[in-house]
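Asks: Here it is, the structure in full.
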Amino acid sequence: MFSDVDLCLRNQGFTFFDFGKLNRDYRRRGPLISQPHSGQLIWTDAFYFRDLIDESNDINCEDFPKKLLKLACIADILNFLDYALEILEYLTWKYGEQEKYNFADFIVEILSQSPDLVQQGLGSLVILERIKPLIKNPSYQQVISQSTADLPFNLRRINLVTFPDWNQPETIINSELGNLIKAIAIHPNREQITLLIDHSNFSDENADLVLSSVMMNLLIEEELELDDCIEIRLMGQLNLSQWSALRPQLQGRIQLQAETQATIRQVQADQLPTYSIEALQDLLT
């Protein structure tokens, strides 16, 4: 019985974490299956771990850091990433003066892969409070010190940027921006997307007039609904600090036929993944 196994493992110092895939069966004489309870639970895997961090005060041996590292590896293999990171943070905090047990840079690298955490600001995360002094990589030190709070627009889970050449004829600009905004507006995940349109070499007033004209055309001629969930912002001149904070938040650059290549190189946007307007539907689905 599961209750017997559970009691035995808890007595040995193990803590229950989760069930695996739930395998069920239905009652043989019943023709219907409950939607909230889709059959009787027959068997499953149960995951238990020892909490070595909680036991650390009672353990004093040279092999303890190795045991922590092995436990973190097992947790990672079994897809308990949160527990693995918790162990690595503790291991780094307690034994990080030894290079082989300093995982501060690795932890920052993993956290940097989450746009939501980066937008929140990695420097504000509890998991990094005790290990910031042990971060060695200068780029990671910069990442945790960056904040998006001073950016003049709202970022979302998916942030895209484009750099139109405003010196091109208005018909070309209107056509390309219209196609791009339409692709965003009809996307099923549009409420998760922010589109930033650079106009650092073009006046705020003129850029706003062009964008308003494009939006009006989509509303009237295309009969396209541009509701409040569409987040499209003109992006003027940003300073280096703002660009340093913004760049890690960007998931890609939308390539246009006519772009300001000098600006793209200057802000290192040429290092971002590049996508065509036509690829947006498949890319973000």
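Each chain of the structure tokens is named A, B, ... in the order shown, its residues numbered from 1; ligands are numbered from 1 in display order.
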Pro65 of chain A: which residues within 9 Å, counting only C-alpha atoms, same-chain residues fewer than 3 positions away excluded, as number ranges by chain?

Replies: A: 61-62, 68-70, 91, 94-95, 101

Asks: If you count only C-alpha atoms, which residues fall within 12 Å of Asn23 of chain A, apart from same-chain ones fewer than 5 positions away, as an NGL selection string?

Replies: :A and (38-45)

Asks: Filtering to all heavy atoms, could you give me those residues as a PDB file, in the first residue's frame?

Replies:
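Saved the output as selection_34.pdb:
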ATOM      1  N   SER A  38     -11.318  11.028 -13.564  1.00  0.00           N
ATOM      2  CA  SER A  38     -11.386  10.178 -14.762  1.00  0.00           C
ATOM      3  C   SER A  38     -10.906   8.754 -14.473  1.00  0.00           C
ATOM      4  O   SER A  38      -9.892   8.290 -15.002  1.00  0.00           O
ATOM      5  CB  SER A  38     -10.545  10.793 -15.879  1.00  0.00           C
ATOM      6  OG  SER A  38      -9.216  11.029 -15.426  1.00  0.00           O
ATOM      7  N   GLY A  39     -11.614   8.073 -13.607  1.00  0.00           N
ATOM      8  CA  GLY A  39     -11.281   6.691 -13.317  1.00  0.00           C
ATOM      9  C   GLY A  39     -10.530   6.529 -12.007  1.00  0.00           C
ATOM     10  O   GLY A  39      -9.961   7.475 -11.462  1.00  0.00           O
ATOM     11  N   GLN A  40     -10.507   5.297 -11.506  1.00  0.00           N
ATOM     12  CA  GLN A  40      -9.825   5.004 -10.251  1.00  0.00           C
ATOM     13  C   GLN A  40      -8.328   4.930 -10.476  1.00  0.00           C
ATOM     14  O   GLN A  40      -7.844   4.337 -11.444  1.00  0.00           O
ATOM     15  CB  GLN A  40     -10.337   3.685  -9.680  1.00  0.00           C
ATOM     16  CG  GLN A  40      -9.693   3.300  -8.349  1.00  0.00           C
ATOM     17  CD  GLN A  40     -10.216   1.986  -7.825  1.00  0.00           C
ATOM     18  OE1 GLN A  40     -11.099   1.375  -8.432  1.00  0.00           O
ATOM     19  NE2 GLN A  40      -9.686   1.538  -6.700  1.00  0.00           N
ATOM     20  N   LEU A  41      -7.567   5.549  -9.572  1.00  0.00           N
ATOM     21  CA  LEU A  41      -6.109   5.507  -9.662  1.00  0.00           C
ATOM     22  C   LEU A  41      -5.629   4.092  -9.353  1.00  0.00           C
ATOM     23  O   LEU A  41      -5.895   3.546  -8.277  1.00  0.00           O
ATOM     24  CB  LEU A  41      -5.487   6.503  -8.680  1.00  0.00           C
ATOM     25  CG  LEU A  41      -3.964   6.572  -8.650  1.00  0.00           C
ATOM     26  CD1 LEU A  41      -3.410   7.005 -10.004  1.00  0.00           C
ATOM     27  CD2 LEU A  41      -3.489   7.531  -7.558  1.00  0.00           C
ATOM     28  N   ILE A  42      -4.900   3.507 -10.314  1.00  0.00           N
ATOM     29  CA  ILE A  42      -4.413   2.136 -10.166  1.00  0.00           C
ATOM     30  C   ILE A  42      -2.956   2.123  -9.713  1.00  0.00           C
ATOM     31  O   ILE A  42      -2.598   1.462  -8.745  1.00  0.00           O
ATOM     32  CB  ILE A  42      -4.560   1.357 -11.487  1.00  0.00           C
ATOM     33  CG1 ILE A  42      -6.028   1.366 -11.933  1.00  0.00           C
ATOM     34  CG2 ILE A  42      -4.061  -0.082 -11.308  1.00  0.00           C
ATOM     35  CD1 ILE A  42      -6.970   0.738 -10.941  1.00  0.00           C
ATOM     36  N   TRP A  43      -2.108   2.856 -10.423  1.00  0.00           N
ATOM     37  CA  TRP A  43      -0.710   2.927  -9.997  1.00  0.00           C
ATOM     38  C   TRP A  43      -0.055   4.178 -10.567  1.00  0.00           C
ATOM     39  O   TRP A  43      -0.542   4.773 -11.519  1.00  0.00           O
ATOM     40  CB  TRP A  43       0.062   1.683 -10.423  1.00  0.00           C
ATOM     41  CG  TRP A  43       0.280   1.559 -11.922  1.00  0.00           C
ATOM     42  CD1 TRP A  43      -0.548   0.970 -12.828  1.00  0.00           C
ATOM     43  CD2 TRP A  43       1.408   2.030 -12.664  1.00  0.00           C
ATOM     44  NE1 TRP A  43      -0.032   1.048 -14.089  1.00  0.00           N
ATOM     45  CE2 TRP A  43       1.182   1.691 -14.030  1.00  0.00           C
ATOM     46  CE3 TRP A  43       2.579   2.696 -12.333  1.00  0.00           C
ATOM     47  CZ2 TRP A  43       2.089   2.001 -15.025  1.00  0.00           C
ATOM     48  CZ3 TRP A  43       3.485   3.004 -13.331  1.00  0.00           C
ATOM     49  CH2 TRP A  43       3.241   2.657 -14.665  1.00  0.00           C
ATOM     50  N   THR A  44       1.043   4.569  -9.971  1.00  0.00           N
ATOM     51  CA  THR A  44       1.820   5.709 -10.431  1.00  0.00           C
ATOM     52  C   THR A  44       3.204   5.660  -9.780  1.00  0.00           C
ATOM     53  O   THR A  44       3.440   4.835  -8.882  1.00  0.00           O
ATOM     54  CB  THR A  44       1.128   7.032 -10.073  1.00  0.00           C
ATOM     55  OG1 THR A  44       1.882   8.126 -10.630  1.00  0.00           O
ATOM     56  CG2 THR A  44       1.063   7.233  -8.563  1.00  0.00           C
ATOM     57  N   ASP A  45       4.089   6.507 -10.237  1.00  0.00           N
ATOM     58  CA  ASP A  45       5.386   6.666  -9.582  1.00  0.00           C
ATOM     59  C   ASP A  45       5.289   7.799  -8.567  1.00  0.00           C
ATOM     60  O   ASP A  45       4.580   8.790  -8.788  1.00  0.00           O
ATOM     61  CB  ASP A  45       6.479   6.999 -10.602  1.00  0.00           C
ATOM     62  CG  ASP A  45       6.743   5.840 -11.558  1.00  0.00           C
ATOM     63  OD1 ASP A  45       6.747   4.688 -11.088  1.00  0.00           O
ATOM     64  OD2 ASP A  45       6.943   6.088 -12.759  1.00  0.00           O
TER      65      ASP A  45
END

Asks: Do you know which residues are at most 12 Å from Val118 of chain A counting only C-alpha atoms, after dropping those on the same chain fewer than 4 positions away, and could you put them as a PyMOL selection string?

Replies: chain A and resi 108-114+122-125+140+143-149+155-157+245-250

Asks: Rank A:Phe49, A:Phe17, A:Tyr83, A:Phe153 by their smallest atom-to-atom distance to Met235 of chain A, using only C-alpha atoms, and report the top residue only.

Replies: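 Of A:Phe49, A:Phe17, A:Tyr83, A:Phe153, the one nearest Met235 of chain A, counting only C-alpha atoms, is A:Phe153.
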
Asks: Name all residues at most 10 Å from segment 251-267 of chain A (count only C-alpha atoms; drop same-chain ones fewer than 4 positions away) and give them as a VMD selection string.

Replies: chain A and resid 115 157 to 168 172 to 173 176 to 177 180 195 to 201 238 to 240 243 to 244 247 271 to 280

Asks: Please list as number ranges by chain every residue within 12 Å of His37 of chain A, counting only C-alpha atoms and excluding residues in the same chain fewer than 6 positions away.

Replies: A: 22, 24-27

Asks: Mind listing the helix (DSSP H, G or I) residues of segment 78-180 of chain A, per DSSP on the backbone, as a ChimeraX atom specification?

Replies: /A:81-95,99-101,104-111,115-120,122-124,126-129,132-134,138-145,170-180

Asks: Please produce a file of those selected residues containing C-alpha atoms, as a PDB file, in the first residue's frame.

Replies:
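What ended up in part_5.pdb:
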ATOM      1  CA  LEU A  81      14.510  22.140 -11.681  1.00  0.00           C
ATOM      2  CA  ASP A  82      13.330  24.290  -8.782  1.00  0.00           C
ATOM      3  CA  TYR A  83      14.793  21.905  -6.208  1.00  0.00           C
ATOM      4  CA  ALA A  84      18.008  21.508  -8.210  1.00  0.00           C
ATOM      5  CA  LEU A  85      18.517  25.281  -8.301  1.00  0.00           C
ATOM      6  CA  GLU A  86      17.737  25.566  -4.593  1.00  0.00           C
ATOM      7  CA  ILE A  87      20.455  23.010  -3.820  1.00  0.00           C
ATOM      8  CA  LEU A  88      22.988  24.662  -6.159  1.00  0.00           C
ATOM      9  CA  GLU A  89      22.309  28.064  -4.578  1.00  0.00           C
ATOM     10  CA  TYR A  90      22.942  26.639  -1.093  1.00  0.00           C
ATOM     11  CA  LEU A  91      26.018  24.750  -2.301  1.00  0.00           C
ATOM     12  CA  THR A  92      27.419  27.950  -3.846  1.00  0.00           C
ATOM     13  CA  TRP A  93      26.655  30.022  -0.764  1.00  0.00           C
ATOM     14  CA  LYS A  94      28.280  27.592   1.661  1.00  0.00           C
ATOM     15  CA  TYR A  95      31.146  26.221  -0.422  1.00  0.00           C
ATOM     16  CA  GLU A  99      35.702  26.903  -7.685  1.00  0.00           C
ATOM     17  CA  LYS A 100      34.255  23.440  -8.309  1.00  0.00           C
ATOM     18  CA  TYR A 101      31.292  24.297  -6.064  1.00  0.00           C
ATOM     19  CA  ALA A 104      26.620  31.310  -9.400  1.00  0.00           C
ATOM     20  CA  ASP A 105      27.216  31.972 -13.105  1.00  0.00           C
ATOM     21  CA  PHE A 106      25.322  28.813 -14.067  1.00  0.00           C
ATOM     22  CA  ILE A 107      22.314  29.843 -11.960  1.00  0.00           C
ATOM     23  CA  VAL A 108      22.228  33.309 -13.565  1.00  0.00           C
ATOM     24  CA  GLU A 109      22.456  31.706 -17.016  1.00  0.00           C
ATOM     25  CA  ILE A 110      19.450  29.465 -16.294  1.00  0.00           C
ATOM     26  CA  LEU A 111      17.380  32.305 -14.838  1.00  0.00           C
ATOM     27  CA  PRO A 115      11.804  36.500 -20.116  1.00  0.00           C
ATOM     28  CA  ASP A 116       9.386  36.972 -17.207  1.00  0.00           C
ATOM     29  CA  LEU A 117      12.191  36.783 -14.631  1.00  0.00           C
ATOM     30  CA  VAL A 118      14.444  39.065 -16.650  1.00  0.00           C
ATOM     31  CA  GLN A 119      11.624  41.596 -16.948  1.00  0.00           C
ATOM     32  CA  GLN A 120      11.069  41.392 -13.200  1.00  0.00           C
ATOM     33  CA  LEU A 122      17.150  39.175 -11.817  1.00  0.00           C
ATOM     34  CA  GLY A 123      18.813  41.290  -9.168  1.00  0.00           C
ATOM     35  CA  SER A 124      15.589  41.285  -7.145  1.00  0.00           C
ATOM     36  CA  VAL A 126      15.794  35.890  -3.540  1.00  0.00           C
ATOM     37  CA  ILE A 127      17.789  33.016  -5.024  1.00  0.00           C
ATOM     38  CA  LEU A 128      20.601  35.424  -6.001  1.00  0.00           C
ATOM     39  CA  GLU A 129      20.770  37.477  -2.806  1.00  0.00           C
ATOM     40  CA  LYS A 132      25.890  37.821  -5.962  1.00  0.00           C
ATOM     41  CA  PRO A 133      29.487  38.307  -4.748  1.00  0.00           C
ATOM     42  CA  LEU A 134      30.394  34.921  -6.247  1.00  0.00           C
ATOM     43  CA  PRO A 138      31.106  40.366 -16.081  1.00  0.00           C
ATOM     44  CA  SER A 139      28.146  40.043 -18.464  1.00  0.00           C
ATOM     45  CA  TYR A 140      26.145  38.209 -15.787  1.00  0.00           C
ATOM     46  CA  GLN A 141      27.072  40.858 -13.236  1.00  0.00           C
ATOM     47  CA  GLN A 142      25.669  43.424 -15.656  1.00  0.00           C
ATOM     48  CA  VAL A 143      22.497  41.401 -16.241  1.00  0.00           C
ATOM     49  CA  ILE A 144      21.562  41.262 -12.566  1.00  0.00           C
ATOM     50  CA  SER A 145      22.181  44.989 -12.172  1.00  0.00           C
ATOM     51  CA  GLU A 170       5.686  56.973 -47.328  1.00  0.00           C
ATOM     52  CA  THR A 171       3.845  54.400 -49.422  1.00  0.00           C
ATOM     53  CA  ILE A 172       6.595  51.825 -48.797  1.00  0.00           C
ATOM     54  CA  ILE A 173       6.741  52.521 -45.067  1.00  0.00           C
ATOM     55  CA  ASN A 174       2.953  52.404 -44.748  1.00  0.00           C
ATOM     56  CA  SER A 175       2.775  49.131 -46.647  1.00  0.00           C
ATOM     57  CA  GLU A 176       5.450  47.355 -44.598  1.00  0.00           C
ATOM     58  CA  LEU A 177       4.276  48.641 -41.233  1.00  0.00           C
ATOM     59  CA  GLY A 178       0.688  47.826 -42.191  1.00  0.00           C
ATOM     60  CA  ASN A 179       1.590  44.228 -43.044  1.00  0.00           C
ATOM     61  CA  LEU A 180       3.579  43.873 -39.840  1.00  0.00           C
TER      62      LEU A 180
END
